[in-house]
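Scroll down for the structure; my scribbles are underneath it.
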Amino acid sequence: MIAEVEPFHAIAVSRIAHDMEAAGASVIHMEFGQPSTGAPAKAIALAHEVLDSEAMGYWESVALKDRIARSYAENYGVTVEREQVILACGASPAFVMALSCLFRPGARIALARPGYVAYRNSLKAMYLEPVEMDCGPAERFQVTAAAVDALDPAPDGLIVASPANPTGTIIEPAELAAIAEVCRRKGIRVISDEIYHGLSYGAKAASMLEHLPDAVIVNSFSKYFSMAGWRLGWLVVPPTLIDAARARMGSLFLTPPVLAQKAGLMAFECRDELDGHVETYARNRSILLEALPLMGLGRIAPPDGAFYIYADASEFTDNSLALCEELLRDTGVATAPGIDFDPVNGKRFIRFSFAVSTPLVEEAMRRIGPWFAARRRGQSGASTILSAPASRASNRR
């Protein structure tokens with residue numbers, strides 16, 4: 001039996017965008033969740049030195065593992081030992097390793113819908129059964145303890161993402177603690193995707209480790225550290241899984257790129273530059289939250305973190321992929337169709353990534369505003385930005 005893995009439709013949109021660019025068109029890329037900035041300057045300078053002086057090879061940086069472990073004490077007040085940190089070639093391999101360590105084929109894994117497309121596809125590829133929970137506007141598109149507790153039979157595992165892709169919403173600390181308690185009581189193993197930690201516009205996101213020490217944490221240098229192309233990530237595993245995780249990393253992926261590991265260690269010392277990126281994302285977020293409702297795209301949950309807006313476009317379409325393709329060809333603005341994140345309701349949603357520069361965000365709004373205005377059909381009605389919890393309603397960093 002061969003696992004059926006569905007396509008990542010945003011990639012098809014991106015191919016059209018790159019073909020248009022090759023033909024001379026001006027394209028603004030808001031389809032992928034990747035920073036338009038590069039790695040921190042000091043990390044790049046160190047990488048040049050390494051390239052000039054070292055042959056490199058298969059290697060695991062003890063210093064980097066120590067630094068990652070220390071960051072959990074600094075950021076969350078929890079103790080992580082060096083051996084619990086498993087370096088990986090990005091968050092995607094880390095996620096595959098986590099699934100492989102925790103579950104056997106046929107296990108049932110719960111996750112939010114909408115959610116990152118690779119969760120569902122990775123589960124299917126590994127012959128695990130996705131148990132999707134429909135998380136709508138009332139829950140700000142996030143998992144709740146009540147929803148997990150209501151699953152009967154209880155799943156073997158749960159994937160939590162906070163901030164989430166595609167919405168950027170964060171689970172409140174009390175709710176995260178309640179989810180942890182349900183999982184502890186029912187024996188549900190938790191994988192917490194914390195790849196967008198460091199990117200928040202109010203109170204910071206809590207780590208699942210604050211509430212559930214045996215959770216498996218996935219993280220990476222791709223988002224906050226602005227190093228997507230360097231392919232460097234990590235797992236934090238409980239002591240009982242260290243040997244299993246190390247065996248899988250060594251057998252499946254050997255080691256992460258040496259150059260990325262050395263640059264990643266330096267990136268920890270570049271907080272001022274990296275926090276400057278977050279300030280840019282905060283400005284971009286404000287621009288979108290002001291502009292999109294005027295276009296009829298106001299039914300959204302304001303993102304608490306990450307760099308996404310997940311907008312209800314049902315006034316314009318019931319085929320989000322077709323809408324994204326038409327929008328791209330007519331305006332040069334590339335976006336992601338909601339069906340990637342929600343195969344049931346996503347046909348009426350589109351996702352904007354605001355990880356590009358502020359001038360590009362402003363230009364994108366100038367281009368798409370008239371386009372949507374020309375297509376508004378029927379009675380426009382009132383656009384509603386869904387309320388955020390009180391502690392996250394502001395645009396403060």
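The chains in the structure tokens are called A, B, ... from first to last as shown; in each chain the residues are counted from 1, and the ligands are counted from 1 in the order shown.
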(request) Within 10 Å of Gly338 of chain A, counting only C-alpha atoms, which residues show up once you throw out same-chain ones fewer than 2 positions away? Write them as a ChimeraX atom specification, please. (result) /A:9-10,114-115,117,166,310-313,319-321,324,335-336,340-351
(message) Can you tell me, as a PyMOL selection string, which residues in segment 134-287 of chain A count as helix (DSSP H, G or I) by DSSP?
(response) chain A and resi 137-139+145-150+173-186+208-210+228-230+239-253+258-267+271-287
(message) What's the separation between atom CA of Arg366 of chain A and atom CA of Gly332 of chain A, in Å to one decimal place?
(response) 11.4 Å
(request) Write out as a list of chain:residue names the residues lying within 10 Å of Val50 of chain A, counting only C-alpha atoms and excluding same-chain residues fewer than 6 positions away. (result)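 Within the cut-off, the hits are A:Ile44, A:Met56, A:Val258, A:Leu259, A:Lys262, A:Ala263.
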Expected file: the selected residues, all heavy atoms, as a PDB file, in the first residue's frame:
```
ATOM      1  N   ILE A  44      26.182  35.590   8.883  1.00  0.00           N
ATOM      2  CA  ILE A  44      26.683  35.487   7.508  1.00  0.00           C
ATOM      3  C   ILE A  44      28.190  35.712   7.474  1.00  0.00           C
ATOM      4  O   ILE A  44      28.937  34.993   6.779  1.00  0.00           O
ATOM      5  CB  ILE A  44      25.955  36.489   6.606  1.00  0.00           C
ATOM      6  CG1 ILE A  44      24.477  36.098   6.460  1.00  0.00           C
ATOM      7  CG2 ILE A  44      26.612  36.566   5.232  1.00  0.00           C
ATOM      8  CD1 ILE A  44      23.641  37.106   5.711  1.00  0.00           C
ATOM      9  N   MET A  56      34.811  21.030   6.671  1.00  0.00           N
ATOM     10  CA  MET A  56      33.518  20.593   7.222  1.00  0.00           C
ATOM     11  C   MET A  56      33.283  19.113   6.951  1.00  0.00           C
ATOM     12  O   MET A  56      34.101  18.422   6.375  1.00  0.00           O
ATOM     13  CB  MET A  56      32.373  21.473   6.729  1.00  0.00           C
ATOM     14  CG  MET A  56      32.477  22.919   7.204  1.00  0.00           C
ATOM     15  SD  MET A  56      31.147  23.995   6.611  1.00  0.00           S
ATOM     16  CE  MET A  56      31.712  24.287   4.916  1.00  0.00           C
ATOM     17  N   VAL A 258      26.857  21.620   8.563  1.00  0.00           N
ATOM     18  CA  VAL A 258      27.820  22.198   9.503  1.00  0.00           C
ATOM     19  C   VAL A 258      27.786  23.724   9.436  1.00  0.00           C
ATOM     20  O   VAL A 258      27.814  24.415  10.467  1.00  0.00           O
ATOM     21  CB  VAL A 258      29.236  21.670   9.203  1.00  0.00           C
ATOM     22  CG1 VAL A 258      30.282  22.445   9.999  1.00  0.00           C
ATOM     23  CG2 VAL A 258      29.313  20.185   9.525  1.00  0.00           C
ATOM     24  N   LEU A 259      27.743  24.266   8.230  1.00  0.00           N
ATOM     25  CA  LEU A 259      27.743  25.712   8.074  1.00  0.00           C
ATOM     26  C   LEU A 259      26.547  26.335   8.788  1.00  0.00           C
ATOM     27  O   LEU A 259      26.673  27.369   9.448  1.00  0.00           O
ATOM     28  CB  LEU A 259      27.731  26.077   6.585  1.00  0.00           C
ATOM     29  CG  LEU A 259      28.021  27.532   6.242  1.00  0.00           C
ATOM     30  CD1 LEU A 259      29.447  27.903   6.620  1.00  0.00           C
ATOM     31  CD2 LEU A 259      27.776  27.789   4.755  1.00  0.00           C
ATOM     32  N   LYS A 262      27.041  26.391  12.681  1.00  0.00           N
ATOM     33  CA  LYS A 262      27.942  27.445  13.153  1.00  0.00           C
ATOM     34  C   LYS A 262      27.270  28.818  13.049  1.00  0.00           C
ATOM     35  O   LYS A 262      27.365  29.653  13.954  1.00  0.00           O
ATOM     36  CB  LYS A 262      29.243  27.402  12.358  1.00  0.00           C
ATOM     37  CG  LYS A 262      30.107  26.180  12.669  1.00  0.00           C
ATOM     38  CD  LYS A 262      31.396  26.177  11.873  1.00  0.00           C
ATOM     39  CE  LYS A 262      32.260  24.983  12.234  1.00  0.00           C
ATOM     40  NZ  LYS A 262      32.891  25.107  13.572  1.00  0.00           N
ATOM     41  N   ALA A 263      26.582  29.051  11.945  1.00  0.00           N
ATOM     42  CA  ALA A 263      25.876  30.324  11.794  1.00  0.00           C
ATOM     43  C   ALA A 263      24.723  30.441  12.781  1.00  0.00           C
ATOM     44  O   ALA A 263      24.449  31.525  13.315  1.00  0.00           O
ATOM     45  CB  ALA A 263      25.372  30.472  10.358  1.00  0.00           C
TER      46      ALA A 263
END
```
(request) Tell me, as a ChimeraX atom specification, which residues lie within 8 Å of segment 84-98 of chain A, counting only C-alpha atoms; anything in the same chain fewer than 5 positions away does not count. (result) /A:60,65,68-69,122,191,195,216,218-222,231-239,242,245-246,248-249,253,255-257
Store the residues of this selection in a file with N, CA, C and O atoms, as a compact mmCIF listing (two decimals), in the first residue's frame.
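After the write, again10.txt holds the following:
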```txt
# COMPACT_ATOMS: atom_id res chain seq x y z
N GLU A 60 28.11 17.48 14.79
CA GLU A 60 27.03 17.99 15.60
C GLU A 60 27.61 18.96 16.61
O GLU A 60 28.53 18.61 17.37
N LYS A 65 23.81 22.93 20.85
CA LYS A 65 22.84 22.22 21.69
C LYS A 65 22.78 22.85 23.08
O LYS A 65 21.69 23.03 23.64
N ILE A 68 20.81 26.17 22.76
CA ILE A 68 19.36 25.95 22.62
C ILE A 68 18.77 25.53 23.96
O ILE A 68 17.72 26.04 24.38
N ALA A 69 19.44 24.62 24.66
CA ALA A 69 18.94 24.19 25.97
C ALA A 69 18.83 25.37 26.92
O ALA A 69 17.84 25.52 27.64
N SER A 122 2.15 14.59 6.36
CA SER A 122 3.19 13.78 7.00
C SER A 122 2.56 12.61 7.76
O SER A 122 3.09 11.49 7.74
N ILE A 191 2.90 16.62 20.55
CA ILE A 191 3.95 17.29 19.77
C ILE A 191 3.56 18.75 19.67
O ILE A 191 2.49 19.08 19.16
N ILE A 195 7.61 26.68 16.18
CA ILE A 195 8.49 27.28 15.19
C ILE A 195 8.32 28.79 15.09
O ILE A 195 9.25 29.50 14.69
N VAL A 216 6.96 16.66 23.23
CA VAL A 216 8.05 16.75 22.25
C VAL A 216 7.90 18.09 21.53
O VAL A 216 6.82 18.40 21.01
N VAL A 218 9.03 20.87 18.64
CA VAL A 218 9.64 21.09 17.33
C VAL A 218 9.91 22.58 17.17
O VAL A 218 9.04 23.41 17.46
N ASN A 219 11.12 22.92 16.74
CA ASN A 219 11.43 24.32 16.48
C ASN A 219 12.50 24.39 15.40
O ASN A 219 13.02 23.37 14.96
N SER A 220 12.81 25.62 14.99
CA SER A 220 13.71 25.78 13.86
C SER A 220 14.26 27.19 13.81
O SER A 220 13.78 28.10 14.49
N PHE A 221 15.29 27.36 12.99
CA PHE A 221 15.88 28.68 12.75
C PHE A 221 15.22 29.40 11.57
O PHE A 221 15.66 30.47 11.17
N SER A 222 14.16 28.83 11.00
CA SER A 222 13.61 29.35 9.75
C SER A 222 12.82 30.64 9.91
O SER A 222 12.79 31.46 8.99
N ARG A 231 18.33 25.37 6.54
CA ARG A 231 17.83 24.05 6.91
C ARG A 231 18.40 23.56 8.23
O ARG A 231 19.19 22.62 8.30
N LEU A 232 18.00 24.24 9.28
CA LEU A 232 18.46 23.91 10.62
C LEU A 232 17.30 24.02 11.60
O LEU A 232 16.64 25.06 11.67
N GLY A 233 17.04 22.96 12.33
CA GLY A 233 15.99 22.95 13.33
C GLY A 233 16.37 22.04 14.48
O GLY A 233 17.51 21.55 14.55
N TRP A 234 15.41 21.81 15.38
CA TRP A 234 15.72 20.92 16.49
C TRP A 234 14.46 20.35 17.10
O TRP A 234 13.36 20.86 16.91
N LEU A 235 14.65 19.25 17.81
CA LEU A 235 13.66 18.66 18.68
C LEU A 235 14.11 18.81 20.12
O LEU A 235 15.32 18.76 20.39
N VAL A 236 13.17 18.97 21.04
CA VAL A 236 13.43 18.73 22.45
C VAL A 236 12.58 17.52 22.83
O VAL A 236 11.36 17.54 22.66
N VAL A 237 13.23 16.48 23.31
CA VAL A 237 12.54 15.24 23.64
C VAL A 237 12.73 14.93 25.12
O VAL A 237 13.73 15.33 25.72
N PRO A 238 11.79 14.20 25.73
CA PRO A 238 11.99 13.77 27.12
C PRO A 238 13.13 12.76 27.18
O PRO A 238 13.48 12.14 26.16
N PRO A 239 13.73 12.57 28.34
CA PRO A 239 14.88 11.65 28.45
C PRO A 239 14.60 10.25 27.92
O PRO A 239 15.49 9.61 27.36
N ILE A 242 15.46 10.06 24.07
CA ILE A 242 16.74 10.55 23.54
C ILE A 242 17.38 9.54 22.60
O ILE A 242 17.78 9.87 21.48
N ALA A 245 15.40 9.13 19.31
CA ALA A 245 15.51 10.29 18.42
C ALA A 245 16.90 10.39 17.80
O ALA A 245 17.03 10.68 16.60
N ARG A 246 17.93 10.14 18.57
CA ARG A 246 19.29 10.20 18.02
C ARG A 246 19.49 9.12 16.96
O ARG A 246 20.15 9.37 15.93
N ARG A 248 17.24 7.86 14.97
CA ARG A 248 16.54 8.25 13.75
C ARG A 248 17.26 9.38 13.03
O ARG A 248 17.37 9.39 11.80
N MET A 249 17.74 10.36 13.78
CA MET A 249 18.47 11.46 13.13
C MET A 249 19.69 10.92 12.41
O MET A 249 19.95 11.24 11.25
N PHE A 253 19.05 11.18 8.49
CA PHE A 253 19.51 12.49 8.03
C PHE A 253 20.99 12.78 8.34
O PHE A 253 21.50 13.84 7.98
N THR A 255 23.56 14.44 9.88
CA THR A 255 23.65 15.64 10.70
C THR A 255 23.11 16.83 9.91
O THR A 255 23.05 16.78 8.67
N PRO A 256 22.74 17.91 10.59
CA PRO A 256 22.39 19.13 9.86
C PRO A 256 23.65 19.70 9.21
O PRO A 256 24.78 19.34 9.56
N PRO A 257 23.50 20.62 8.26
CA PRO A 257 24.66 21.24 7.62
C PRO A 257 25.57 21.91 8.65
O PRO A 257 25.11 22.66 9.52
```
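Among the candidates A:Ser162, A:Ser207, A:Thr317, A:Asn284, the residue lying nearest to Gly77 of chain A is A:Ser207 (atoms considered: only C-alpha atoms).
You can rank A:Ile188, A:Ala301, A:Phe307, A:Glu54 by their closest distance to Gly136 of chain A using only C-alpha atoms, and at the top of that list sits A:Ala301.
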(request) Kindly indicate which residue among A:Asp304, A:Glu269, A:Asp152, A:Glu21 lies nearest to His197 of chain A, using only C-alpha atoms for the distances. (result)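 Of A:Asp304, A:Glu269, A:Asp152, A:Glu21, the one nearest His197 of chain A, counting only C-alpha atoms, is A:Asp304.
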(message) Excluding Thr79 of chain A and its own-chain neighbours fewer than 3 positions away, which residues fall within 8 Å of it when counting only C-alpha atoms? Please give them as a list in words.
(response)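 Answer for this query is Ala69, Arg70, Tyr72 and Ala73 of chain A.
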Could you dump the residues just selected with N, CA and C atoms as a PDB file, in the first residue's frame?
```
ATOM      1  N   ALA A  69      19.435  24.623  24.660  1.00  0.00           N
ATOM      2  CA  ALA A  69      18.940  24.187  25.966  1.00  0.00           C
ATOM      3  C   ALA A  69      18.835  25.371  26.917  1.00  0.00           C
ATOM      4  N   ARG A  70      19.842  26.244  26.914  1.00  0.00           N
ATOM      5  CA  ARG A  70      19.825  27.401  27.810  1.00  0.00           C
ATOM      6  C   ARG A  70      18.675  28.352  27.471  1.00  0.00           C
ATOM      7  N   TYR A  72      15.691  27.705  26.801  1.00  0.00           N
ATOM      8  CA  TYR A  72      14.434  27.317  27.438  1.00  0.00           C
ATOM      9  C   TYR A  72      14.355  27.825  28.871  1.00  0.00           C
ATOM     10  N   ALA A  73      15.490  27.873  29.543  1.00  0.00           N
ATOM     11  CA  ALA A  73      15.506  28.476  30.873  1.00  0.00           C
ATOM     12  C   ALA A  73      15.287  29.978  30.782  1.00  0.00           C
TER      13      ALA A  73
END
```
(message) Counting only C-alpha atoms, which residue out of A:Pro359, A:Gly229, A:Pro370, A:Gly168 sits closest to Leu292 of chain A?
(response) A:Pro370
